[in-house]
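Source file: input-v3.txt; contents: compact mmCIF, C-alpha atoms.
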```txt
# COMPACT_ATOMS: atom_id res chain seq x y z
CA MET P 1 -21.36 8.13 34.69
CA THR P 2 -24.58 8.41 32.62
CA GLN P 3 -23.34 11.71 31.21
CA ASN P 4 -20.04 10.08 30.32
CA HIS P 5 -21.90 7.11 28.88
CA LYS P 6 -23.92 9.36 26.56
CA LYS P 7 -20.84 11.32 25.57
CA ILE P 8 -19.00 8.16 24.59
CA LYS P 9 -21.97 6.87 22.57
CA ASN P 10 -22.04 10.17 20.71
CA GLN P 11 -18.42 9.69 19.75
CA LEU P 12 -18.70 6.14 18.47
CA PHE P 13 -19.02 7.04 14.79
CA HIS P 14 -15.97 9.27 15.11
CA TYR P 15 -14.15 6.52 16.95
CA ILE P 16 -14.90 3.88 14.32
CA LEU P 17 -13.91 6.15 11.46
CA ASP P 18 -10.71 7.04 13.30
CA SER P 19 -11.56 10.72 13.43
CA LEU P 20 -10.91 11.41 17.10
CA PRO P 21 -7.90 13.23 18.51
CA PRO P 22 -5.56 10.79 20.36
CA LYS P 23 -6.49 12.04 23.82
CA ARG P 24 -10.22 11.55 23.28
CA ARG P 25 -9.62 8.25 21.57
CA ARG P 26 -7.79 6.97 24.63
CA LYS P 27 -10.73 8.06 26.81
CA VAL P 28 -13.15 6.12 24.61
CA ASP P 29 -10.80 3.11 24.68
CA THR P 30 -10.75 3.14 28.48
CA HIS P 31 -14.52 3.46 28.66
CA LEU P 32 -15.09 0.65 26.17
CA GLU P 33 -12.94 -1.66 28.24
CA GLU P 34 -15.22 -1.12 31.22
CA CYS P 35 -18.65 -0.69 29.64
CA GLU P 36 -20.24 -3.62 27.87
CA SER P 37 -23.26 -1.74 26.59
CA CYS P 38 -21.09 0.79 24.75
CA ARG P 39 -18.89 -2.01 23.45
CA ARG P 40 -21.93 -3.77 22.01
CA GLU P 41 -23.14 -0.51 20.50
CA LYS P 42 -19.76 0.04 18.90
CA GLU P 43 -19.71 -3.49 17.49
CA SER P 44 -23.18 -3.16 16.05
CA ILE P 45 -22.32 0.12 14.28
CA GLU P 46 -19.08 -1.41 13.04
CA ASN P 47 -20.89 -4.45 11.65
CA LEU P 48 -23.46 -2.26 9.98
CA LEU P 49 -20.85 -0.06 8.35
CA ASN P 50 -18.87 -3.07 7.20
CA GLY P 51 -22.04 -4.63 5.77
CA VAL P 52 -22.78 -1.46 3.86
CA LYS P 53 -19.19 -1.26 2.70
CA SER P 54 -19.07 -4.78 1.35
CA LYS P 55 -22.47 -4.61 -0.30
CA THR P 56 -22.17 -1.23 -1.93
CA GLY P 57 -18.90 -2.00 -3.64
CA TYR P 58 -18.76 -2.59 -7.35
CA SER P 59 -16.67 -5.13 -9.12
CA LEU P 60 -15.89 -3.93 -12.59
CA PRO P 61 -16.59 -6.63 -15.22
CA ASP P 62 -13.46 -8.01 -16.89
CA TYR P 63 -14.56 -6.91 -20.35
CA ALA P 64 -14.99 -3.32 -19.14
CA PHE P 65 -11.59 -3.37 -17.47
CA GLU P 66 -9.86 -4.81 -20.53
CA SER P 67 -11.56 -2.31 -22.80
CA ALA P 68 -10.48 0.57 -20.53
CA LYS P 69 -6.93 -0.81 -20.51
CA THR P 70 -6.80 -1.05 -24.31
CA GLU P 71 -8.12 2.49 -24.71
CA MET P 72 -5.66 3.76 -22.13
CA LYS P 73 -2.75 2.12 -24.01
CA LYS P 74 -3.93 3.64 -27.30
CA GLU P 75 -4.18 7.06 -25.72
CA TYR P 76 -0.73 6.66 -24.17
CA ARG P 77 0.79 5.88 -27.55
CA LYS P 78 -1.09 8.75 -29.14
CA THR P 79 -0.15 11.38 -26.61
CA VAL P 80 3.00 10.45 -24.71
CA GLU P 81 4.95 8.34 -27.19
CA SER P 82 4.16 10.43 -30.27
CA ARG P 83 5.15 13.55 -28.38
CA ASP P 84 8.43 11.91 -27.43
CA ARG P 85 9.06 11.00 -31.07
CA GLU P 86 8.36 14.56 -32.22
CA THR P 87 10.75 16.01 -29.73
CA PHE P 88 13.56 13.48 -30.13
CA ILE P 89 16.06 16.32 -30.33
CA ARG P 90 14.96 17.72 -26.99
CA PRO P 91 17.03 15.39 -24.78
CA PHE P 92 20.12 16.38 -26.79
CA ILE P 93 19.41 20.08 -26.26
CA GLU P 94 18.62 19.46 -22.61
CA LYS P 95 21.90 17.66 -22.17
CA LEU P 96 23.76 20.42 -23.94
CA SER P 97 22.15 23.26 -22.03
CA GLY P 98 21.79 21.43 -18.75
CA ASN P 99 19.35 24.05 -17.60
CA ARG P 100 15.69 24.11 -18.66
CA SER P 101 15.46 27.89 -18.34
CA ILE P 102 18.19 28.66 -20.90
CA ARG P 103 16.96 26.18 -23.49
CA TRP P 104 15.20 28.93 -25.44
CA ILE P 105 18.62 30.32 -26.41
CA PHE P 106 19.19 27.39 -28.71
CA GLN P 107 16.43 28.24 -31.15
CA PRO P 108 17.69 31.74 -32.08
CA ALA P 109 21.26 30.38 -32.05
CA ALA P 110 20.35 27.76 -34.65
CA LEU P 111 18.59 30.43 -36.71
CA MET P 112 21.65 32.69 -36.58
CA MET P 113 23.95 29.87 -37.64
CA LEU P 114 21.70 29.14 -40.60
CA THR P 115 21.69 32.82 -41.61
CA VAL P 116 25.50 33.00 -41.44
CA LEU P 117 25.79 29.84 -43.53
CA VAL P 118 23.43 31.12 -46.21
CA SER P 119 25.18 34.52 -46.38
CA LEU P 120 28.57 32.78 -46.68
CA ILE P 121 27.33 30.70 -49.62
CA ILE P 122 25.88 33.77 -51.35
CA SER P 123 29.04 35.83 -50.86
CA GLY P 124 31.17 32.86 -52.03
CA VAL P 125 29.15 32.49 -55.22
CA SER P 126 29.24 36.23 -55.92
CA LEU P 127 33.03 36.29 -55.43
CA LEU P 128 33.43 33.37 -57.81
CA THR P 129 31.27 34.97 -60.47
CA GLN P 130 33.12 38.28 -60.19
CA SER P 131 36.57 36.69 -60.47
CA ASN P 132 35.57 34.76 -63.62
CA GLY P 133 33.85 37.70 -65.25
CA LEU P 134 30.53 36.06 -64.93
CA THR P 135 27.22 37.80 -64.48
CA ALA P 136 23.96 36.62 -63.06
CA LEU P 137 22.77 35.94 -66.62
CA ASN P 138 25.58 33.76 -67.91
CA PHE P 139 26.41 32.06 -64.58
CA PRO P 140 23.89 29.20 -64.99
CA PHE P 141 25.21 28.49 -68.53
CA SER P 142 28.79 28.36 -67.29
CA LEU P 143 27.68 25.91 -64.62
CA PHE P 144 26.09 23.66 -67.27
CA ARG P 145 29.27 23.86 -69.30
CA ALA P 146 31.37 22.94 -66.28
CA PHE P 147 29.30 19.78 -65.81
CA GLY P 148 29.55 18.89 -69.48
CA VAL P 149 26.00 19.79 -70.45
CA SER P 150 25.90 21.64 -73.73
CA MET V 151 1.04 5.00 -3.65
CA THR V 152 3.89 6.69 -5.48
CA PRO V 153 4.90 5.04 -8.75
CA VAL V 154 8.42 3.70 -8.81
CA CYS V 155 9.39 3.74 -12.43
CA LYS V 156 13.02 3.05 -13.13
CA CYS V 157 12.74 3.20 -16.89
CA SER V 158 11.91 6.89 -17.15
CA MET V 159 13.69 10.09 -16.36
CA LYS V 160 12.56 12.21 -13.44
CA GLU V 161 10.71 14.75 -15.54
CA LYS V 162 9.31 12.18 -17.96
CA PRO V 163 5.83 10.79 -17.35
CA ILE V 164 5.18 7.38 -15.83
CA CYS V 165 5.76 4.52 -18.26
CA LEU V 166 2.98 2.36 -19.66
CA ASP V 167 3.92 -0.73 -17.62
CA GLU V 168 3.72 1.24 -14.42
CA LEU V 169 0.34 2.69 -15.38
CA GLU V 170 -1.02 -0.77 -16.15
CA LYS V 171 0.17 -2.00 -12.77
CA ILE V 172 -1.50 0.88 -10.93
CA MET V 173 -4.65 0.37 -13.01
CA THR V 174 -4.91 -3.26 -11.88
CA GLU V 175 -4.14 -2.42 -8.26
CA THR V 176 -6.73 0.36 -8.00
CA LYS V 177 -9.38 -1.32 -10.17
CA THR V 178 -11.77 -2.32 -7.36
CA SER V 179 -11.42 0.76 -5.19
CA LEU V 180 -11.72 3.19 -8.10
CA ALA V 181 -14.74 1.42 -9.59
CA GLY V 182 -16.37 1.29 -6.13
CA PHE V 183 -15.68 4.97 -5.57
CA ILE V 184 -17.24 5.96 -8.88
CA TYR V 185 -20.20 3.61 -8.39
CA ARG V 186 -21.00 5.04 -4.97
CA MET V 187 -21.17 8.47 -6.57
CA VAL V 188 -23.08 7.80 -9.78
CA LYS V 189 -24.95 4.64 -8.68
CA GLN V 190 -25.22 3.21 -12.20
CA PRO V 191 -23.03 0.31 -13.42
CA GLU V 192 -22.87 1.38 -17.08
CA ILE V 193 -21.97 4.95 -16.19
CA THR V 194 -19.37 3.63 -13.74
CA GLN V 195 -17.69 1.70 -16.53
CA ASP V 196 -17.68 4.76 -18.80
CA ILE V 197 -16.28 7.04 -16.12
CA PHE V 198 -13.67 4.44 -15.15
CA GLN V 199 -12.39 4.41 -18.74
CA GLU V 200 -12.62 8.18 -19.10
CA THR V 201 -10.67 8.61 -15.87
CA TRP V 202 -7.75 6.61 -17.24
CA LEU V 203 -7.84 8.45 -20.56
CA ASN V 204 -7.67 11.71 -18.63
CA VAL V 205 -4.81 10.38 -16.54
CA VAL V 206 -2.80 9.75 -19.71
CA ARG V 207 -3.77 13.10 -21.25
CA HIS V 208 -2.72 15.03 -18.16
CA LEU V 209 0.30 13.02 -17.06
CA ASP V 210 2.44 16.13 -17.39
CA SER V 211 0.55 17.84 -14.60
CA TYR V 212 1.10 14.98 -12.17
CA ASP V 213 3.76 15.71 -9.56
CA ARG V 214 5.80 12.53 -9.17
CA ASN V 215 6.70 13.38 -5.60
CA GLN V 216 3.05 13.15 -4.59
CA PRO V 217 1.06 9.93 -4.14
CA PHE V 218 -0.75 8.82 -7.29
CA LYS V 219 -4.01 7.49 -5.81
CA PRO V 220 -5.45 10.82 -4.58
CA TRP V 221 -4.65 12.41 -7.94
CA LEU V 222 -6.38 9.54 -9.74
CA PHE V 223 -9.42 9.75 -7.47
CA ARG V 224 -9.58 13.49 -7.95
CA ILE V 225 -9.91 13.02 -11.71
CA ALA V 226 -12.58 10.34 -11.18
CA ARG V 227 -14.45 12.58 -8.76
CA ASN V 228 -14.46 15.53 -11.15
CA LEU V 229 -15.74 13.36 -13.99
CA SER V 230 -18.44 11.86 -11.75
CA ILE V 231 -19.54 15.32 -10.60
CA ASN V 232 -19.68 16.51 -14.21
CA HIS V 233 -21.87 13.52 -15.05
CA LEU V 234 -24.17 14.12 -12.06
CA ASN V 235 -24.53 17.80 -12.96
CA ARG V 236 -25.37 16.91 -16.55
CA GLN V 237 -27.88 14.35 -15.33
CA LYS V 238 -29.46 16.86 -12.97
CA ARG V 239 -29.87 19.35 -15.79
CA ARG V 240 -31.37 16.67 -18.02
CA GLU V 241 -33.76 15.55 -15.29
CA LYS V 242 -34.89 19.13 -14.74
CA LYS V 243 -35.55 19.51 -18.44
CA GLU V 244 -37.47 16.25 -18.59
CA GLN V 245 -39.46 17.11 -15.49
CA ASN V 246 -40.46 20.33 -17.16
CA LEU V 247 -41.73 18.26 -20.06
CA GLY V 248 -43.76 16.18 -17.66
CA ASP V 249 -41.56 13.09 -17.83
CA ILE V 250 -40.08 12.09 -14.48
CA TYR V 251 -36.69 10.42 -14.82
CA PRO V 252 -36.37 7.24 -12.72
CA THR V 253 -34.35 7.63 -9.53
CA HIS V 254 -31.56 5.14 -8.88
CA SER V 255 -30.78 3.39 -5.64
CA LEU V 256 -27.72 1.43 -4.66
CA ASN V 257 -28.45 -2.34 -4.75
CA PRO V 258 -31.66 -1.87 -2.75
CA GLY V 259 -32.49 -5.56 -2.61
CA GLU V 260 -29.16 -6.73 -1.22
CA LEU V 261 -28.96 -4.53 1.85
CA GLN V 262 -30.56 -5.54 5.12
CA ALA V 263 -33.10 -3.21 6.69
CA ASP V 264 -30.62 -1.66 9.12
CA GLU V 265 -27.94 -1.33 6.49
CA GLU V 266 -30.33 0.33 4.10
CA ARG V 267 -31.45 2.73 6.82
CA LEU V 268 -27.83 3.62 7.49
CA MET V 269 -27.16 4.08 3.79
CA ARG V 270 -30.18 6.36 3.54
CA CYS V 271 -28.90 8.38 6.50
CA LEU V 272 -25.57 8.71 4.72
CA ASP V 273 -27.30 9.78 1.52
CA GLN V 274 -29.24 12.44 3.40
CA ILE V 275 -26.31 14.33 4.87
CA PRO V 276 -24.98 17.28 2.83
CA SER V 277 -22.75 16.13 -0.02
CA ARG V 278 -19.62 17.98 1.13
CA PHE V 279 -19.71 16.05 4.42
CA ARG V 280 -20.80 12.80 2.80
CA GLU V 281 -17.87 12.84 0.41
CA VAL V 282 -15.35 13.01 3.24
CA ILE V 283 -17.02 10.17 5.15
CA ARG V 284 -17.15 8.00 2.03
CA LEU V 285 -13.50 8.55 1.20
CA ARG V 286 -12.52 7.98 4.81
CA PHE V 287 -14.56 4.87 5.35
CA PHE V 288 -15.05 3.17 2.00
CA GLU V 289 -11.71 4.06 0.44
CA GLU V 290 -9.80 4.12 3.74
CA MET V 291 -7.95 7.28 2.78
CA SER V 292 -5.93 9.45 5.12
CA PHE V 293 -7.05 13.03 5.78
CA GLU V 294 -4.09 14.27 3.71
CA ASP V 295 -5.11 12.15 0.71
CA ILE V 296 -8.73 13.26 1.03
CA SER V 297 -7.57 16.87 1.00
CA THR V 298 -5.80 16.19 -2.33
CA VAL V 299 -8.86 14.48 -3.82
CA LEU V 300 -11.20 17.28 -2.79
CA ASN V 301 -8.66 20.04 -3.33
CA VAL V 302 -9.28 21.60 0.09
CA PRO V 303 -6.96 22.11 3.10
CA VAL V 304 -6.53 19.24 5.58
CA GLY V 305 -8.15 21.33 8.31
CA THR V 306 -11.30 21.62 6.21
CA VAL V 307 -11.32 17.84 5.74
CA TYR V 308 -11.11 17.39 9.54
CA SER V 309 -13.98 19.75 10.20
CA ARG V 310 -16.13 18.29 7.40
CA SER V 311 -15.53 14.80 8.73
CA ASN V 312 -16.45 15.93 12.21
CA ARG V 313 -19.62 17.69 11.14
CA GLY V 314 -20.57 14.93 8.73
CA LEU V 315 -20.29 12.30 11.44
CA LYS V 316 -22.42 14.43 13.75
CA HIS V 317 -25.08 14.66 11.02
CA LEU V 318 -24.86 10.92 10.49
CA ARG V 319 -25.20 10.13 14.19
CA LYS V 320 -28.20 12.43 14.62
CA ARG V 321 -29.97 10.94 11.61
CA TRP V 322 -29.11 7.43 12.70
CA GLU V 323 -30.53 8.01 16.17
CA LYS V 324 -33.76 9.26 14.62
CA VAL V 325 -34.35 6.28 12.35
CA ARG V 326 -33.30 3.39 14.53
```

Go ahead and express the file in the form of structure tokens.
Amino acid sequence: MTQNHKKIKNQLFHYILDSLPPKRRRKVDTHLEECESCRREKESIENLLNGVKSKTGYSLPDYAFESAKTEMKKEYRKTVESRDRETFIRPFIEKLSGNRSIRWIFQPAALMMLTVLVSLIISGVSLLTQSNGLTALNFPFSLFRAFGVS
Amino acid sequence: MTPVCKCSMKEKPICLDELEKIMTETKTSLAGFIYRMVKQPEITQDIFQETWLNVVRHLDSYDRNQPFKPWLFRIARNLSINHLNRQKRREKKEQNLGDIYPTHSLNPGELQADEERLMRCLDQIPSRFREVIRLRFFEEMSFEDISTVLNVPVGTVYSRSNRGLKHLRKRWEKVR
């Protein structure tokens, strides 16, 4: 009994902090029901811990909390919202591709489209100049003439 | 605590309203947690603010399927440890110069004799065990949440808690 008594007392901290396996916890529960000395010991430790807990807490002053909140909001706008604004086209691409992993395809695709467009314009202009007997030198003047600038 | 934010897409970070709500809800426990580590009110206020700035800066790395509180406390813990390490280095430097930096205690006047003895016992046990006991008792965290805060496996948290409590009991028996 004394051995058991000592064993239980040794486990009281574990018991109070809910760190005992269920089987051992049940054993302590049964013992506490029977033994008043251990029960009193448990209560005294519990009261002590609760006293320490309540007295070592810290209530943040309102001004500090409000200041932290304001700074947090500023930071949120700076980082999250500005990033969202910068990448406003991203949701469109995401929707189009559906898959995050193939999104990289869209950048070279856009570049290729731009290249094709530019080459089409250049070839169109060169065709026009050739058919009208124009050269690179007199082409700008013919353009001015076309718009009525003498 | 997992944020339930209906206004944002799954892969988008938590919205500002939700963050403000969590900030208000965790105000006391987070401030208490930081204070118990750094033991200085002004530093607590600074670290509290810095924690929330870091939360916003690293929102992308937060996994929305995981509870928010352990992640938040992990940031606060890292900042507090950084501060304590800096302070230790500074104290060492000042000691070398012959100036001894004042040591801080946690509301020494308010605690009763027994409570202060217990607090001292808790302060004396190795920090890796003390941390687990503090999170378990003061913040009432589960072992799983503590493992997220400390970035160690749950089994390690169990064993640290066990060993920490043994240390605490032995010290307590000596002083009472």

Can you check which parts of chain V lie within 9 Å of chain P? Per residue, the shortest pair of atoms and distance in Å to one decimal, counting all atoms listed in the file, sorted by chain and number, as JSON lines.
```
{"residue": "V:Pro163", "atom": "CA", "partner": "P:Val80", "partner_atom": "CA", "distance": 7.9}
{"residue": "V:Leu166", "atom": "CA", "partner": "P:Lys73", "partner_atom": "CA", "distance": 7.2}
{"residue": "V:Glu170", "atom": "CA", "partner": "P:Lys69", "partner_atom": "CA", "distance": 7.3}
{"residue": "V:Met173", "atom": "CA", "partner": "P:Lys69", "partner_atom": "CA", "distance": 7.9}
{"residue": "V:Thr174", "atom": "CA", "partner": "P:Phe65", "partner_atom": "CA", "distance": 8.7}
{"residue": "V:Lys177", "atom": "CA", "partner": "P:Leu60", "partner_atom": "CA", "distance": 7.4}
{"residue": "V:Thr178", "atom": "CA", "partner": "P:Ser59", "partner_atom": "CA", "distance": 5.9}
{"residue": "V:Ser179", "atom": "CA", "partner": "P:Gly57", "partner_atom": "CA", "distance": 8.1}
{"residue": "V:Ala181", "atom": "CA", "partner": "P:Tyr58", "partner_atom": "CA", "distance": 6.1}
{"residue": "V:Gly182", "atom": "CA", "partner": "P:Tyr58", "partner_atom": "CA", "distance": 4.7}
{"residue": "V:Phe183", "atom": "CA", "partner": "P:Gly57", "partner_atom": "CA", "distance": 7.9}
{"residue": "V:Ile184", "atom": "CA", "partner": "P:Tyr58", "partner_atom": "CA", "distance": 8.8}
{"residue": "V:Tyr185", "atom": "CA", "partner": "P:Tyr58", "partner_atom": "CA", "distance": 6.4}
{"residue": "V:Arg186", "atom": "CA", "partner": "P:Thr56", "partner_atom": "CA", "distance": 7.1}
{"residue": "V:Pro191", "atom": "CA", "partner": "P:Tyr58", "partner_atom": "CA", "distance": 8.0}
{"residue": "V:Thr194", "atom": "CA", "partner": "P:Leu60", "partner_atom": "CA", "distance": 8.4}
{"residue": "V:Gln195", "atom": "CA", "partner": "P:Ala64", "partner_atom": "CA", "distance": 6.3}
{"residue": "V:Asp196", "atom": "CA", "partner": "P:Ala68", "partner_atom": "CA", "distance": 8.5}
{"residue": "V:Phe198", "atom": "CA", "partner": "P:Ala68", "partner_atom": "CA", "distance": 7.4}
{"residue": "V:Gln199", "atom": "CA", "partner": "P:Ala68", "partner_atom": "CA", "distance": 4.6}
{"residue": "V:Glu200", "atom": "CA", "partner": "P:Ala68", "partner_atom": "CA", "distance": 8.0}
{"residue": "V:Trp202", "atom": "CA", "partner": "P:Met72", "partner_atom": "CA", "distance": 6.0}
{"residue": "V:Leu203", "atom": "CA", "partner": "P:Met72", "partner_atom": "CA", "distance": 5.4}
{"residue": "V:Asn204", "atom": "CA", "partner": "P:Met72", "partner_atom": "CA", "distance": 8.9}
{"residue": "V:Val205", "atom": "CA", "partner": "P:Met72", "partner_atom": "CA", "distance": 8.7}
{"residue": "V:Val206", "atom": "CA", "partner": "P:Tyr76", "partner_atom": "CA", "distance": 5.8}
{"residue": "V:Arg207", "atom": "CA", "partner": "P:Thr79", "partner_atom": "CA", "distance": 6.7}
{"residue": "V:Leu209", "atom": "CA", "partner": "P:Val80", "partner_atom": "CA", "distance": 8.5}
{"residue": "V:Leu256", "atom": "CA", "partner": "P:Thr56", "partner_atom": "CA", "distance": 6.7}
{"residue": "V:Asn257", "atom": "CA", "partner": "P:Thr56", "partner_atom": "CA", "distance": 7.0}
{"residue": "V:Glu260", "atom": "CA", "partner": "P:Lys55", "partner_atom": "CA", "distance": 7.1}
{"residue": "V:Leu261", "atom": "CA", "partner": "P:Lys55", "partner_atom": "CA", "distance": 6.8}
{"residue": "V:Gln262", "atom": "CA", "partner": "P:Gly51", "partner_atom": "CA", "distance": 8.6}
{"residue": "V:Asp264", "atom": "CA", "partner": "P:Leu48", "partner_atom": "CA", "distance": 7.2}
{"residue": "V:Glu265", "atom": "CA", "partner": "P:Leu48", "partner_atom": "CA", "distance": 5.8}
{"residue": "V:Glu266", "atom": "CA", "partner": "P:Val52", "partner_atom": "CA", "distance": 7.8}
{"residue": "V:Leu268", "atom": "CA", "partner": "P:Leu48", "partner_atom": "CA", "distance": 7.7}
{"residue": "V:Met269", "atom": "CA", "partner": "P:Val52", "partner_atom": "CA", "distance": 7.1}
{"residue": "V:Ile283", "atom": "CA", "partner": "P:Leu17", "partner_atom": "CA", "distance": 8.1}
{"residue": "V:Arg286", "atom": "CA", "partner": "P:Leu17", "partner_atom": "CA", "distance": 7.0}
{"residue": "V:Phe287", "atom": "CA", "partner": "P:Leu17", "partner_atom": "CA", "distance": 6.3}
{"residue": "V:Phe288", "atom": "CA", "partner": "P:Lys53", "partner_atom": "CA", "distance": 6.1}
{"residue": "V:Glu290", "atom": "CA", "partner": "P:Leu17", "partner_atom": "CA", "distance": 9.0}
{"residue": "V:Tyr308", "atom": "CA", "partner": "P:Ser19", "partner_atom": "CA", "distance": 7.7}
{"residue": "V:Ser311", "atom": "CA", "partner": "P:Ser19", "partner_atom": "CA", "distance": 7.4}
{"residue": "V:Asn312", "atom": "CA", "partner": "P:Ser19", "partner_atom": "CA", "distance": 7.2}
{"residue": "V:Leu315", "atom": "CA", "partner": "P:Phe13", "partner_atom": "CA", "distance": 6.4}
{"residue": "V:Lys316", "atom": "CA", "partner": "P:Asn10", "partner_atom": "CA", "distance": 8.2}
{"residue": "V:Leu318", "atom": "CA", "partner": "P:Phe13", "partner_atom": "CA", "distance": 8.2}
{"residue": "V:Arg319", "atom": "CA", "partner": "P:Phe13", "partner_atom": "CA", "distance": 6.9}
{"residue": "V:Lys320", "atom": "CA", "partner": "P:Asn10", "partner_atom": "CA", "distance": 9.0}
```

Using all atoms listed in the file for the distances, tell me which of P:Lys23, P:Asp62, P:Leu127, P:Asn4 is nearest to Cys38 of chain P.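 Looking only at the distances to Cys38 of chain P, the closest residue turns out to be P:Asn4.
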
Computed gap from atom CA of Tyr15 of chain P to atom CA of Arg278 of chain V is 20.3 Å

Give me, please, the distance in Å between atom CA of Arg39 of chain P and atom CA of Ile8 of chain P, quoted to one decimal.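 We find that atom CA of Arg39 of chain P and atom CA of Ile8 of chain P lie 10.2 Å from each other.
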
Record the distance separating atom CA of His5 of chain P and atom CA of His31 of chain P, expressed in Å with one decimal.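 Between atom CA of His5 of chain P and atom CA of His31 of chain P the gap works out to 8.2 Å.
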
Kindly add N, CA and C atoms to the incomplete segment 22-43 of chain P and provide the output as a PDB file, in the frame of the given file.
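Resulting contents of part.pdb:
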```
ATOM      1  N   PRO P  22      -6.088  11.907  19.554  1.00  0.00           N
ATOM      2  CA  PRO P  22      -5.560  10.790  20.360  1.00  0.00           C
ATOM      3  C   PRO P  22      -6.027  10.777  21.816  1.00  0.00           C
ATOM      4  N   LYS P  23      -6.118  11.982  22.410  1.00  0.00           N
ATOM      5  CA  LYS P  23      -6.490  12.040  23.820  1.00  0.00           C
ATOM      6  C   LYS P  23      -7.918  11.521  24.035  1.00  0.00           C
ATOM      7  N   ARG P  24      -8.822  11.980  23.156  1.00  0.00           N
ATOM      8  CA  ARG P  24     -10.220  11.550  23.280  1.00  0.00           C
ATOM      9  C   ARG P  24     -10.377  10.082  22.917  1.00  0.00           C
ATOM     10  N   ARG P  25      -9.582   9.655  21.991  1.00  0.00           N
ATOM     11  CA  ARG P  25      -9.620   8.250  21.570  1.00  0.00           C
ATOM     12  C   ARG P  25      -9.246   7.331  22.746  1.00  0.00           C
ATOM     13  N   ARG P  26      -8.225   7.764  23.472  1.00  0.00           N
ATOM     14  CA  ARG P  26      -7.790   6.970  24.630  1.00  0.00           C
ATOM     15  C   ARG P  26      -8.897   6.894  25.674  1.00  0.00           C
ATOM     16  N   LYS P  27      -9.616   8.026  25.852  1.00  0.00           N
ATOM     17  CA  LYS P  27     -10.730   8.060  26.810  1.00  0.00           C
ATOM     18  C   LYS P  27     -11.800   7.044  26.411  1.00  0.00           C
ATOM     19  N   VAL P  28     -12.121   7.047  25.110  1.00  0.00           N
ATOM     20  CA  VAL P  28     -13.150   6.120  24.610  1.00  0.00           C
ATOM     21  C   VAL P  28     -12.661   4.680  24.804  1.00  0.00           C
ATOM     22  N   ASP P  29     -11.385   4.456  24.506  1.00  0.00           N
ATOM     23  CA  ASP P  29     -10.800   3.110  24.680  1.00  0.00           C
ATOM     24  C   ASP P  29     -10.984   2.622  26.113  1.00  0.00           C
ATOM     25  N   THR P  30     -10.646   3.514  27.060  1.00  0.00           N
ATOM     26  CA  THR P  30     -10.750   3.140  28.480  1.00  0.00           C
ATOM     27  C   THR P  30     -12.203   2.840  28.835  1.00  0.00           C
ATOM     28  N   HIS P  31     -13.106   3.667  28.339  1.00  0.00           N
ATOM     29  CA  HIS P  31     -14.520   3.460  28.660  1.00  0.00           C
ATOM     30  C   HIS P  31     -15.024   2.139  28.059  1.00  0.00           C
ATOM     31  N   LEU P  32     -14.614   1.873  26.846  1.00  0.00           N
ATOM     32  CA  LEU P  32     -15.090   0.650  26.170  1.00  0.00           C
ATOM     33  C   LEU P  32     -14.620  -0.608  26.900  1.00  0.00           C
ATOM     34  N   GLU P  33     -13.449  -0.501  27.501  1.00  0.00           N
ATOM     35  CA  GLU P  33     -12.940  -1.660  28.240  1.00  0.00           C
ATOM     36  C   GLU P  33     -13.834  -1.989  29.432  1.00  0.00           C
ATOM     37  N   GLU P  34     -14.403  -0.918  30.019  1.00  0.00           N
ATOM     38  CA  GLU P  34     -15.220  -1.120  31.220  1.00  0.00           C
ATOM     39  C   GLU P  34     -16.699  -1.352  30.907  1.00  0.00           C
ATOM     40  N   CYS P  35     -17.200  -0.702  29.880  1.00  0.00           N
ATOM     41  CA  CYS P  35     -18.650  -0.690  29.640  1.00  0.00           C
ATOM     42  C   CYS P  35     -19.068  -1.651  28.521  1.00  0.00           C
ATOM     43  N   GLU P  36     -19.852  -2.621  28.877  1.00  0.00           N
ATOM     44  CA  GLU P  36     -20.240  -3.620  27.870  1.00  0.00           C
ATOM     45  C   GLU P  36     -21.290  -3.086  26.908  1.00  0.00           C
ATOM     46  N   SER P  37     -22.190  -2.275  27.432  1.00  0.00           N
ATOM     47  CA  SER P  37     -23.260  -1.740  26.590  1.00  0.00           C
ATOM     48  C   SER P  37     -22.678  -0.897  25.435  1.00  0.00           C
ATOM     49  N   CYS P  38     -21.711  -0.053  25.788  1.00  0.00           N
ATOM     50  CA  CYS P  38     -21.090   0.790  24.750  1.00  0.00           C
ATOM     51  C   CYS P  38     -20.292  -0.071  23.771  1.00  0.00           C
ATOM     52  N   ARG P  39     -19.675  -1.115  24.311  1.00  0.00           N
ATOM     53  CA  ARG P  39     -18.890  -2.010  23.450  1.00  0.00           C
ATOM     54  C   ARG P  39     -19.808  -2.678  22.419  1.00  0.00           C
ATOM     55  N   ARG P  40     -20.976  -3.120  22.915  1.00  0.00           N
ATOM     56  CA  ARG P  40     -21.930  -3.770  22.010  1.00  0.00           C
ATOM     57  C   ARG P  40     -22.441  -2.792  20.958  1.00  0.00           C
ATOM     58  N   GLU P  41     -22.682  -1.567  21.416  1.00  0.00           N
ATOM     59  CA  GLU P  41     -23.140  -0.510  20.500  1.00  0.00           C
ATOM     60  C   GLU P  41     -22.098  -0.264  19.411  1.00  0.00           C
ATOM     61  N   LYS P  42     -20.867  -0.205  19.848  1.00  0.00           N
ATOM     62  CA  LYS P  42     -19.760   0.040  18.900  1.00  0.00           C
ATOM     63  C   LYS P  42     -19.692  -1.094  17.878  1.00  0.00           C
ATOM     64  N   GLU P  43     -19.792  -2.328  18.396  1.00  0.00           N
ATOM     65  CA  GLU P  43     -19.710  -3.490  17.490  1.00  0.00           C
ATOM     66  C   GLU P  43     -20.862  -3.502  16.486  1.00  0.00           C
TER      67      GLU P  43
END
```
